[in-house]
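Note: the block below is model-v7.cif and it holds mmCIF, C-alpha atoms and all ligand atoms.
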```cif
data_input
loop_
_atom_site.label_atom_id
_atom_site.label_comp_id
_atom_site.auth_asym_id
_atom_site.auth_seq_id
_atom_site.Cartn_x
_atom_site.Cartn_y
_atom_site.Cartn_z
CA MET Z 928 72.20 -45.92 -24.84
CA ASP Z 929 74.92 -47.17 -27.13
CA PRO Z 930 76.27 -50.28 -25.35
CA ARG Z 931 79.88 -49.58 -26.37
CA VAL Z 932 80.10 -46.17 -24.73
CA ARG Z 933 79.41 -44.95 -21.23
CA GLY Z 934 77.34 -41.97 -22.23
CA TRP Z 935 76.64 -39.11 -24.61
CA SER Z 936 78.93 -36.23 -25.53
CA PHE Z 937 77.39 -32.75 -25.46
CA SER Z 938 80.77 -31.14 -25.97
CA ALA Z 939 80.87 -27.84 -27.85
CA GLY Z 940 84.04 -28.98 -29.60
CA PRO Z 941 85.88 -31.14 -30.29
CA ALA Z 942 82.44 -32.68 -30.43
CA ALA Z 943 80.67 -35.98 -31.03
CA LEU Z 944 81.58 -37.99 -34.14
CA PRO Z 945 79.00 -40.32 -35.68
CA ARG Z 946 79.26 -43.87 -34.33
CA PRO Z 947 79.59 -45.47 -37.82
CA VAL Z 948 82.47 -43.11 -38.62
CA ARG Z 949 84.37 -44.11 -35.47
CA ASP Z 950 83.79 -47.79 -36.31
CA ARG Z 951 85.05 -47.34 -39.85
CA ILE Z 952 88.21 -45.54 -38.68
CA ARG Z 953 88.99 -48.42 -36.33
CA ASP Z 954 88.27 -51.07 -38.96
CA GLU Z 955 90.51 -49.64 -41.65
CA PHE Z 956 93.15 -47.90 -39.55
CA ASP Z 957 95.95 -50.37 -40.29
CA ASP Z 958 95.26 -51.01 -43.96
CA PHE Z 959 93.70 -48.15 -45.82
CA ASP Z 960 91.83 -49.05 -48.99
CA GLY Z 961 94.07 -52.03 -49.80
CA THR Z 962 97.23 -49.90 -49.75
CA GLY Z 963 98.83 -52.16 -47.12
CA ARG Z 964 99.48 -49.18 -44.83
CA SER Z 965 97.64 -46.81 -42.58
CA LEU Z 966 96.11 -43.64 -43.99
CA VAL Z 967 98.28 -41.71 -41.55
CA GLU Z 968 101.39 -43.22 -43.19
CA LEU Z 969 100.51 -42.28 -46.77
CA PRO Z 970 102.35 -39.46 -48.52
CA PHE Z 971 99.86 -36.79 -49.44
CA SER Z 972 100.84 -37.22 -53.06
CA ALA Z 973 99.69 -40.87 -53.02
CA PRO Z 974 96.77 -41.48 -55.41
CA ALA Z 975 94.79 -43.09 -52.56
CA PHE Z 976 95.05 -39.87 -50.54
CA ARG Z 977 94.32 -37.64 -53.53
CA ASP Z 978 91.13 -39.68 -53.95
CA VAL Z 979 90.22 -39.00 -50.31
CA VAL Z 980 90.50 -35.23 -50.87
CA ALA Z 981 88.64 -35.32 -54.17
CA ARG Z 982 85.81 -37.38 -52.69
CA ALA Z 983 85.52 -35.12 -49.64
CA GLU Z 984 85.28 -32.05 -51.86
CA ARG Z 985 82.77 -33.70 -54.16
CA ASP Z 986 80.54 -34.77 -51.27
CA LEU Z 987 80.75 -31.34 -49.64
CA ARG Z 988 79.84 -29.64 -52.91
CA ALA Z 989 76.88 -31.98 -53.36
CA LEU Z 990 75.61 -31.61 -49.77
CA LEU Z 991 75.50 -27.81 -49.93
CA ALA Z 992 75.02 -27.40 -53.70
CA ILE Z 993 78.18 -25.27 -53.72
CA PRO Z 994 78.32 -23.38 -57.03
CA ASP Z 995 81.34 -23.91 -59.31
CA ASP Z 996 82.47 -20.33 -58.84
CA TYR Z 997 83.43 -21.13 -55.24
CA ALA Z 998 86.78 -22.62 -54.27
CA VAL Z 999 86.75 -25.20 -51.47
CA LEU Z 1000 89.87 -25.06 -49.29
CA PHE Z 1001 91.01 -27.51 -46.62
CA LEU Z 1002 93.35 -25.52 -44.36
CA GLN Z 1003 94.81 -25.69 -40.84
CA GLY Z 1004 94.91 -23.28 -37.92
CA GLY Z 1005 91.24 -23.31 -36.94
CA ALA Z 1006 88.71 -20.56 -37.32
CA SER Z 1007 90.87 -18.50 -34.98
CA ALA Z 1008 93.63 -18.33 -37.60
CA GLN Z 1009 91.08 -17.10 -40.14
CA PHE Z 1010 90.07 -14.25 -37.81
CA GLY Z 1011 93.40 -12.57 -38.58
CA LEU Z 1012 93.98 -14.00 -42.06
CA LEU Z 1013 90.71 -12.88 -43.60
CA PRO Z 1014 91.40 -9.15 -43.78
CA PRO Z 1015 94.73 -9.44 -45.64
CA ASN Z 1016 93.46 -12.32 -47.81
CA LEU Z 1017 90.59 -10.15 -48.98
CA GLY Z 1018 92.96 -7.26 -49.62
CA VAL Z 1019 91.33 -4.99 -47.08
CA GLY Z 1020 92.21 -1.33 -47.65
CA GLU Z 1021 92.21 1.90 -45.64
CA ALA Z 1022 88.50 1.71 -44.89
CA GLY Z 1023 88.82 -1.65 -43.17
CA ALA Z 1024 85.89 -3.99 -42.69
CA ASP Z 1025 82.53 -4.08 -40.93
CA TYR Z 1026 81.66 -6.57 -38.21
CA VAL Z 1027 78.45 -7.54 -36.45
CA GLU Z 1028 78.93 -8.22 -32.74
CA THR Z 1029 76.61 -10.89 -31.37
CA GLY Z 1030 78.53 -12.72 -28.63
CA TYR Z 1031 81.75 -14.30 -27.46
CA TRP Z 1032 83.07 -15.59 -30.80
CA SER Z 1033 82.30 -12.48 -32.82
CA ARG Z 1034 84.13 -10.50 -30.13
CA ARG Z 1035 87.15 -12.77 -30.51
CA THR Z 1036 86.99 -12.29 -34.29
CA ILE Z 1037 86.75 -8.52 -33.94
CA ALA Z 1038 89.70 -8.38 -31.52
CA GLU Z 1039 91.87 -10.36 -33.90
CA ALA Z 1040 90.85 -8.44 -37.03
CA ALA Z 1041 91.53 -5.18 -35.21
CA ARG Z 1042 95.19 -6.20 -34.92
CA VAL Z 1043 95.56 -6.05 -38.70
CA THR Z 1044 92.92 -3.65 -40.00
CA ARG Z 1045 90.42 -0.98 -39.13
CA VAL Z 1046 87.26 -2.56 -37.72
CA HIS Z 1047 83.90 -0.85 -37.68
CA ILE Z 1048 81.08 -2.38 -35.64
CA ALA Z 1049 78.06 -2.21 -37.94
CA ALA Z 1050 75.69 -3.59 -35.32
CA SER Z 1051 75.87 -5.06 -31.84
CA SER Z 1052 73.61 -6.71 -29.32
CA ALA Z 1053 76.06 -6.10 -26.46
CA GLY Z 1054 73.58 -3.56 -25.06
CA THR Z 1055 71.05 -6.32 -24.38
CA ASP Z 1056 73.64 -8.82 -23.14
CA PHE Z 1057 73.70 -10.79 -26.40
CA ASP Z 1058 70.14 -12.03 -26.20
CA ARG Z 1059 69.40 -11.51 -29.91
CA ILE Z 1060 70.62 -10.86 -33.44
CA PRO Z 1061 70.51 -7.07 -33.95
CA ASP Z 1062 67.63 -5.98 -36.19
CA GLU Z 1063 68.98 -5.67 -39.73
CA ARG Z 1064 67.20 -2.36 -40.21
CA ASP Z 1065 69.50 -0.85 -37.59
CA TRP Z 1066 72.78 -2.06 -39.12
CA ARG Z 1067 75.15 0.72 -40.13
CA VAL Z 1068 77.13 -0.87 -42.93
CA ARG Z 1069 79.65 1.42 -44.63
CA PRO Z 1070 79.53 1.24 -48.42
CA ASP Z 1071 83.34 1.30 -48.64
CA ALA Z 1072 83.89 -1.57 -46.17
CA ALA Z 1073 85.84 -4.45 -47.72
CA TYR Z 1074 83.29 -6.91 -46.37
CA VAL Z 1075 80.73 -7.47 -43.63
CA HIS Z 1076 81.48 -10.24 -41.15
CA VAL Z 1077 78.98 -12.18 -39.06
CA THR Z 1078 79.21 -15.21 -36.78
CA THR Z 1079 76.19 -17.23 -37.86
CA ASN Z 1080 76.03 -19.32 -34.70
CA GLU Z 1081 77.39 -17.99 -31.42
CA THR Z 1082 78.59 -21.25 -29.90
CA ALA Z 1083 79.09 -19.86 -26.38
CA ASP Z 1084 75.90 -17.76 -26.21
CA GLY Z 1085 73.40 -19.95 -28.08
CA ILE Z 1086 72.35 -17.28 -30.59
CA ALA Z 1087 72.01 -17.85 -34.32
CA PHE Z 1088 71.19 -16.23 -37.62
CA HIS Z 1089 68.60 -18.47 -39.26
CA ARG Z 1090 69.07 -16.85 -42.68
CA ALA Z 1091 71.70 -14.78 -44.42
CA PRO Z 1092 71.41 -11.03 -43.77
CA ARG Z 1093 70.82 -8.88 -46.84
CA VAL Z 1094 73.72 -6.53 -47.40
CA ALA Z 1095 73.86 -4.80 -50.76
CA ASP Z 1096 77.02 -4.87 -52.86
CA ILE Z 1097 79.51 -5.81 -50.14
CA PRO Z 1098 80.81 -9.36 -49.73
CA LEU Z 1099 79.31 -11.13 -46.74
CA VAL Z 1100 81.74 -13.22 -44.73
CA ALA Z 1101 80.78 -15.75 -42.08
CA ASP Z 1102 82.35 -17.77 -39.35
CA MET Z 1103 80.10 -20.86 -39.51
CA SER Z 1104 82.25 -23.03 -37.25
CA SER Z 1105 79.37 -24.36 -35.20
CA ASP Z 1106 76.45 -24.43 -37.66
CA PHE Z 1107 78.12 -25.44 -40.93
CA LEU Z 1108 76.24 -28.46 -42.40
CA THR Z 1109 73.55 -28.34 -39.71
CA ALA Z 1110 70.92 -26.93 -42.10
CA PRO Z 1111 70.58 -26.08 -45.80
CA LEU Z 1112 72.67 -23.07 -46.77
CA ASP Z 1113 72.46 -20.63 -49.68
CA VAL Z 1114 76.19 -20.50 -50.39
CA ALA Z 1115 75.70 -17.90 -53.13
CA ALA Z 1116 74.62 -15.34 -50.51
CA TRP Z 1117 78.16 -15.35 -49.08
CA GLY Z 1118 81.58 -14.21 -50.27
CA VAL Z 1119 83.58 -16.30 -47.82
CA ILE Z 1120 82.47 -19.00 -45.37
CA TYR Z 1121 84.90 -20.57 -42.93
CA ALA Z 1122 84.51 -23.22 -40.27
CA SER Z 1123 86.69 -25.19 -37.88
CA ALA Z 1124 86.02 -28.89 -38.38
CA GLN Z 1125 85.67 -30.04 -34.79
CA LYS Z 1126 81.99 -29.17 -34.37
CA ASN Z 1127 80.19 -30.77 -37.33
CA ILE Z 1128 82.77 -31.73 -39.93
CA GLY Z 1129 85.32 -33.99 -38.24
CA PRO Z 1130 88.23 -33.87 -35.81
CA ALA Z 1131 90.24 -30.78 -34.85
CA GLY Z 1132 93.05 -29.75 -37.16
CA LEU Z 1133 91.06 -28.95 -40.29
CA THR Z 1134 89.48 -25.66 -41.28
CA VAL Z 1135 87.14 -25.54 -44.27
CA VAL Z 1136 87.05 -22.28 -46.24
CA LEU Z 1137 84.73 -21.55 -49.17
CA VAL Z 1138 85.73 -18.53 -51.24
CA ARG Z 1139 83.87 -16.99 -54.16
CA ARG Z 1140 86.46 -17.02 -56.90
CA ASP Z 1141 86.16 -13.32 -57.75
CA LEU Z 1142 87.55 -12.62 -54.25
CA LEU Z 1143 90.75 -14.55 -54.99
CA GLY Z 1144 93.90 -12.77 -56.09
CA ARG Z 1145 93.60 -9.93 -53.58
CA ALA Z 1146 95.92 -11.13 -50.80
CA HIS Z 1147 98.44 -8.77 -49.27
CA ARG Z 1148 102.07 -9.83 -49.61
CA SER Z 1149 102.15 -10.35 -45.84
CA VAL Z 1150 99.93 -13.45 -46.01
CA PRO Z 1151 101.97 -16.65 -45.54
CA ALA Z 1152 101.71 -18.83 -48.63
CA VAL Z 1153 100.12 -21.74 -46.75
CA PHE Z 1154 97.25 -19.44 -45.75
CA ASP Z 1155 96.93 -17.64 -49.07
CA TYR Z 1156 93.49 -18.55 -50.46
CA THR Z 1157 94.63 -18.14 -54.05
CA LEU Z 1158 97.75 -20.30 -53.75
CA GLN Z 1159 95.88 -22.99 -51.85
CA ALA Z 1160 93.03 -22.95 -54.38
CA GLU Z 1161 95.56 -23.42 -57.19
CA ALA Z 1162 97.22 -26.25 -55.25
CA ALA Z 1163 93.95 -28.06 -54.40
CA SER Z 1164 94.75 -27.38 -50.70
CA MET Z 1165 98.06 -29.23 -51.01
CA PHE Z 1166 100.51 -26.34 -51.14
CA ASN Z 1167 102.10 -28.01 -48.12
CA THR Z 1168 101.23 -31.15 -46.13
CA PRO Z 1169 97.52 -30.98 -45.45
CA PRO Z 1170 96.00 -32.42 -42.24
CA THR Z 1171 95.61 -35.83 -43.86
CA PHE Z 1172 93.91 -37.70 -41.02
CA ALA Z 1173 91.45 -34.87 -40.35
CA ILE Z 1174 90.51 -34.64 -44.03
CA TYR Z 1175 90.04 -38.41 -44.19
CA VAL Z 1176 87.71 -38.39 -41.17
CA ALA Z 1177 85.86 -35.35 -42.53
CA GLY Z 1178 85.33 -37.32 -45.73
CA LEU Z 1179 83.78 -40.16 -43.74
CA VAL Z 1180 81.52 -37.71 -41.91
CA LEU Z 1181 80.41 -36.15 -45.21
CA ALA Z 1182 79.57 -39.58 -46.65
CA TRP Z 1183 77.66 -40.43 -43.46
CA LEU Z 1184 75.76 -37.13 -43.74
CA ARG Z 1185 74.84 -37.85 -47.33
CA ASP Z 1186 73.58 -41.35 -46.45
CA ALA Z 1187 71.67 -39.95 -43.45
CA GLY Z 1188 69.60 -37.69 -45.69
CA GLY Z 1189 71.84 -34.65 -46.05
CA VAL Z 1190 71.56 -31.23 -44.45
CA ALA Z 1191 67.76 -31.03 -44.69
CA ALA Z 1192 67.46 -34.17 -42.56
CA MET Z 1193 70.05 -32.74 -40.14
CA ALA Z 1194 68.09 -29.48 -39.87
CA ALA Z 1195 64.89 -31.35 -39.02
CA ALA Z 1196 66.64 -33.49 -36.41
CA ASN Z 1197 68.43 -30.48 -34.90
CA ARG Z 1198 65.10 -28.67 -34.58
CA ARG Z 1199 63.60 -31.64 -32.74
CA LYS Z 1200 66.62 -32.05 -30.47
CA SER Z 1201 66.78 -28.36 -29.50
CA ALA Z 1202 62.99 -28.17 -29.10
CA ALA Z 1203 63.10 -31.11 -26.68
CA ILE Z 1204 65.50 -29.17 -24.41
CA HIS Z 1205 63.75 -25.81 -24.84
CA ASP Z 1206 60.40 -27.41 -23.99
CA VAL Z 1207 61.81 -28.47 -20.64
CA ILE Z 1208 63.33 -25.02 -20.03
CA ASP Z 1209 60.18 -23.14 -21.02
CA GLY Z 1210 57.96 -25.51 -19.04
CA SER Z 1211 60.07 -25.40 -15.88
CA GLY Z 1212 58.32 -22.41 -14.33
CA GLY Z 1213 61.62 -20.52 -14.16
CA PHE Z 1214 63.75 -23.31 -12.67
CA TYR Z 1215 65.72 -23.26 -15.95
CA ARG Z 1216 66.04 -20.04 -17.98
CA CYS Z 1217 67.21 -19.28 -21.48
CA ALA Z 1218 67.89 -15.57 -22.02
CA VAL Z 1219 67.95 -15.73 -25.81
CA ARG Z 1220 64.97 -14.38 -27.72
CA PRO Z 1221 63.09 -17.44 -29.08
CA ALA Z 1222 63.42 -16.46 -32.76
CA ASP Z 1223 67.21 -16.20 -32.46
CA ARG Z 1224 67.89 -19.35 -30.46
CA SER Z 1225 70.57 -21.66 -31.76
CA ARG Z 1226 69.41 -25.13 -32.74
CA VAL Z 1227 72.80 -26.65 -32.02
CA ASN Z 1228 74.03 -24.93 -28.84
CA VAL Z 1229 71.28 -24.64 -26.25
CA CYS Z 1230 72.54 -22.32 -23.50
CA PHE Z 1231 70.61 -21.91 -20.26
CA ARG Z 1232 70.97 -21.17 -16.55
CA LEU Z 1233 69.49 -22.52 -13.38
CA ALA Z 1234 67.56 -19.86 -11.47
CA ASP Z 1235 69.60 -20.92 -8.45
CA GLU Z 1236 73.07 -20.44 -10.00
CA ALA Z 1237 74.64 -22.26 -7.05
CA LEU Z 1238 73.05 -25.49 -8.35
CA THR Z 1239 74.90 -25.31 -11.70
CA GLY Z 1240 77.89 -27.37 -10.52
CA THR Z 1241 75.59 -29.98 -8.97
CA PHE Z 1242 73.63 -30.18 -12.23
CA VAL Z 1243 76.72 -30.66 -14.40
CA ALA Z 1244 78.22 -33.26 -12.04
CA ALA Z 1245 74.98 -35.23 -11.69
CA ALA Z 1246 74.57 -35.18 -15.48
CA ARG Z 1247 78.08 -36.51 -15.91
CA ASP Z 1248 77.34 -39.32 -13.45
CA ALA Z 1249 74.28 -40.14 -15.55
CA GLY Z 1250 76.44 -40.38 -18.71
CA LEU Z 1251 75.59 -36.91 -20.05
CA PHE Z 1252 79.04 -35.41 -20.59
CA ASP Z 1253 80.44 -31.89 -20.99
CA LEU Z 1254 77.39 -29.79 -20.20
CA ALA Z 1255 79.19 -26.90 -18.47
CA GLY Z 1256 78.70 -23.57 -20.25
CA HIS Z 1257 81.60 -21.75 -21.88
CA SER Z 1258 84.08 -20.59 -19.22
CA ARG Z 1259 83.41 -16.92 -20.05
CA VAL Z 1260 79.63 -17.30 -20.08
CA GLY Z 1261 78.88 -19.85 -17.36
CA GLY Z 1262 75.60 -21.70 -16.95
CA VAL Z 1263 74.83 -24.86 -18.89
CA ARG Z 1264 75.33 -25.56 -22.58
CA ALA Z 1265 74.06 -28.57 -24.48
CA SER Z 1266 75.70 -28.85 -27.89
CA LEU Z 1267 73.43 -30.87 -30.17
CA TYR Z 1268 75.46 -31.07 -33.37
CA ASN Z 1269 74.65 -33.44 -36.22
CA ALA Z 1270 76.41 -36.43 -34.66
CA VAL Z 1271 74.49 -36.12 -31.37
CA PRO Z 1272 71.64 -38.63 -31.67
CA GLU Z 1273 68.04 -37.73 -30.87
CA ALA Z 1274 68.19 -40.32 -28.08
CA ALA Z 1275 70.88 -38.20 -26.39
CA ALA Z 1276 68.66 -35.10 -26.44
CA SER Z 1277 65.74 -37.13 -25.07
CA ALA Z 1278 67.97 -38.51 -22.31
CA LEU Z 1279 69.05 -34.99 -21.38
CA ALA Z 1280 65.46 -33.71 -21.38
CA ALA Z 1281 64.43 -36.55 -19.05
CA PHE Z 1282 67.42 -35.87 -16.80
CA MET Z 1283 66.50 -32.16 -16.58
CA ARG Z 1284 62.92 -32.95 -15.55
CA ASP Z 1285 64.15 -35.39 -12.95
CA PHE Z 1286 66.75 -32.93 -11.64
CA GLN Z 1287 64.08 -30.28 -11.20
CA GLN Z 1288 61.90 -32.75 -9.29
CA ARG Z 1289 64.74 -33.46 -6.92
CA HIS Z 1290 65.97 -29.89 -6.48
CA GLY Z 1291 63.04 -27.64 -7.45
C1 LIG Z 1301 84.91 -23.18 -32.00
C2 LIG Z 1301 84.73 -21.89 -32.64
C3 LIG Z 1301 85.82 -21.09 -33.03
C4 LIG Z 1301 87.26 -21.44 -32.70
O1 LIG Z 1301 87.75 -22.51 -33.39
P1 LIG Z 1301 89.30 -22.90 -33.26
O2 LIG Z 1301 89.39 -24.11 -34.12
O3 LIG Z 1301 89.58 -23.17 -31.82
O4 LIG Z 1301 90.07 -21.75 -33.77
C5 LIG Z 1301 85.56 -19.92 -33.69
N1 LIG Z 1301 84.32 -19.53 -33.96
C6 LIG Z 1301 83.24 -20.25 -33.59
C7 LIG Z 1301 81.88 -19.77 -33.93
C8 LIG Z 1301 83.42 -21.45 -32.92
O5 LIG Z 1301 82.35 -22.18 -32.56
#
```

Structure rendered as structure tokens:
Amino acid sequence: MDPRVRGWSFSAGPAALPRPVRDRIRDEFDDFDGTGRSLVELPFSAPAFRDVVARAERDLRALLAIPDDYAVLFLQGGASAQFGLLPPNLGVGEAGADYVETGYWSRRTIAEAARVTRVHIAASSAGTDFDRIPDERDWRVRPDAAYVHVTTNETADGIAFHRAPRVADIPLVADMSSDFLTAPLDVAAWGVIYASAQKNIGPAGLTVVLVRRDLLGRAHRSVPAVFDYTLQAEAASMFNTPPTFAIYVAGLVLAWLRDAGGVAAMAAANRRKSAAIHDVIDGSGGFYRCAVRPADRSRVNVCFRLADEALTGTFVAAARDAGLFDLAGHSRVGGVRASLYNAVPEAAASALAAFMRDFQQRHG
């Protein structure tokens, strides 16, 4: 274990930050880049801060090979703000938009979108208690829908799309809050991608939005200027004060990611980490159970239950005492959830796997 900390964070968000990033923040907090002041004291117009934004965008573009015809926006408000801002930003009309319902977060998205537009559920796995991604052949996408929305990784349910669905001629939109940067991504398959930062990108307070440029210029007049994709793209995300500290930390995370081998290396590590936990679950003879169909299991949020549900609290408390923090499942879902984002080291996943085996020995 890292000698400077008391344990590992398995928090679903705000989540673990890479150790070298935390060290760097501490080291340069009082004097940023020779400016004689802290980054958090710099005006956002200062050249040193403009460099931070430019470098973060450049590294993000390189990591995901983002094509030039996509704008990269650094906004505030979290993914939850985007739930309601997407429809008017994309100029949704009478027909409304199509949504795929796969768990807790897509339901939240749908509820919020329904406040501002007509929502049609093109597919849902509610009927099987969100244990899978609905078979694409059964999707009922309307040709006049403004877009089709999916949640690529259901953070609370542990379900994930492992590739982009194929939807002809309608922009695909994704909430990628919990799997952004955790694996290679074909950006060109998507019209809009948005993600809260506090899972894999940096601290809370920043929301990254990628928009294909042909979708700009459609916003309804009701969209506040600070959330208008077009205005923020024209202003390089500095229409108003951006979340300077969060962008700075995100920049450090992106540089760390690049030096650690990029998203392909992250994908390989995330596979190994999630497999280590699933191996224990699947080999436990039913002591631990994961309801999600194996092909659709998330590689960053492993959600499972103890067959004896009454032991869940004991499990989470004993894990915490062993330095394995924040393993309780989402409050609406229950059970146990291990979030294994990029900054969670493989040693943490191994420690959790060993703890789970030991816990079963003691309580099985
Ligand atoms: C965390 C999360 C959100 C909510 O993010 P906020 O920043 O709290 O708005 C939305 N969608 C998914 C998939 C998430 O994991």

Extract, using only C-alpha atoms, all DNA, RNA and protein residues at most 10 Å from Asp1062 in chain Z, discarding same-chain residues fewer than 5 positions from it, and format them as a PyMOL selection string.
-> chain Z and resi 1050-1052+1092

Which chains and residue numbers are within 10 Å of ligand LIG 1301 (chain Z), counting only C-alpha atoms and all ligand atoms, if I want them as a ChimeraX atom specification?
-> /Z:939-942,1003-1010,1030-1036,1077-1084,1101-1107,1121-1126,1130-1134,1228

Of Z:Ala1218, Z:Leu987, Z:Val1263, Z:Ile952, the one sitting nearest Thr1241 in chain Z when using all atoms listed in the file is Z:Val1263

At most 7 Å is the cut-off: for each residue in range 1143-1206 of chain Z with any atom that close to an atom of range 976-982 of chain Z, write down the nearest atom pair and the distance in Å rounded to one decimal, counting only C-alpha atoms, chain first then increasing number, as JSON lines.
```
{"residue": "Z:Ile1174", "atom": "CA", "partner": "Z:Val980", "partner_atom": "CA", "distance": 6.9}
{"residue": "Z:Tyr1175", "atom": "CA", "partner": "Z:Val979", "partner_atom": "CA", "distance": 6.2}
{"residue": "Z:Gly1178", "atom": "CA", "partner": "Z:Val979", "partner_atom": "CA", "distance": 6.9}
```

Ala1072 in chain Z proximity check over Z:Ser1258, Z:Thr1044, Z:Ser1266, Z:Ser972, using only C-alpha atoms: winner is Z:Thr1044

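Among the candidates Z:Val1260, Z:Val1207, Z:Leu1267, Z:Ala1152, the residue lying nearest to Asp1285 in chain Z is Z:Val1207 (atoms considered: only C-alpha atoms).
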
Would you list the contacts of Asn1016 in chain Z as a VMD selection string, taking every protein, DNA or RNA residue within 9 Å and counting only C-alpha atoms, but skipping same-chain residues closer than 3 positions in sequence?
-> chain Z and resid 1012 to 1013 1019 1142 to 1147 1150 1154 to 1157

Test item: residues at most 12 Å from Ala1274 in chain Z, all atoms listed in the file, excluding those fewer than 6 positions along its chain, as a ChimeraX atom specification = /Z:928-929,934-936,1196-1197,1199-1200,1203,1251,1267,1280-1281

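Shortest separation to Leu1137 in chain Z among Z:Gly1256, Z:Gly1240, Z:Pro994, Z:Pro945 occurs at residue Z:Pro994, atoms counted being all atoms listed in the file.
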
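For the set Z:Leu966, Z:Leu1099, Z:Leu1112, Z:Ile993, the residue with the smallest atom-to-atom gap to Val1075 in chain Z is Z:Leu1099, counting all atoms listed in the file.
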
Figure out the distance between CA of Val1180 in chain Z and CA of Arg1264 in chain Z, please, to one decimal in Å.
-> 23.7 Å

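With all atoms listed in the file as the basis for measurement, Z:Val1068 is the residue among Z:Val1068, Z:Leu1000, Z:Arg1139, Z:Ile1060 that approaches Ala1022 in chain Z most closely.
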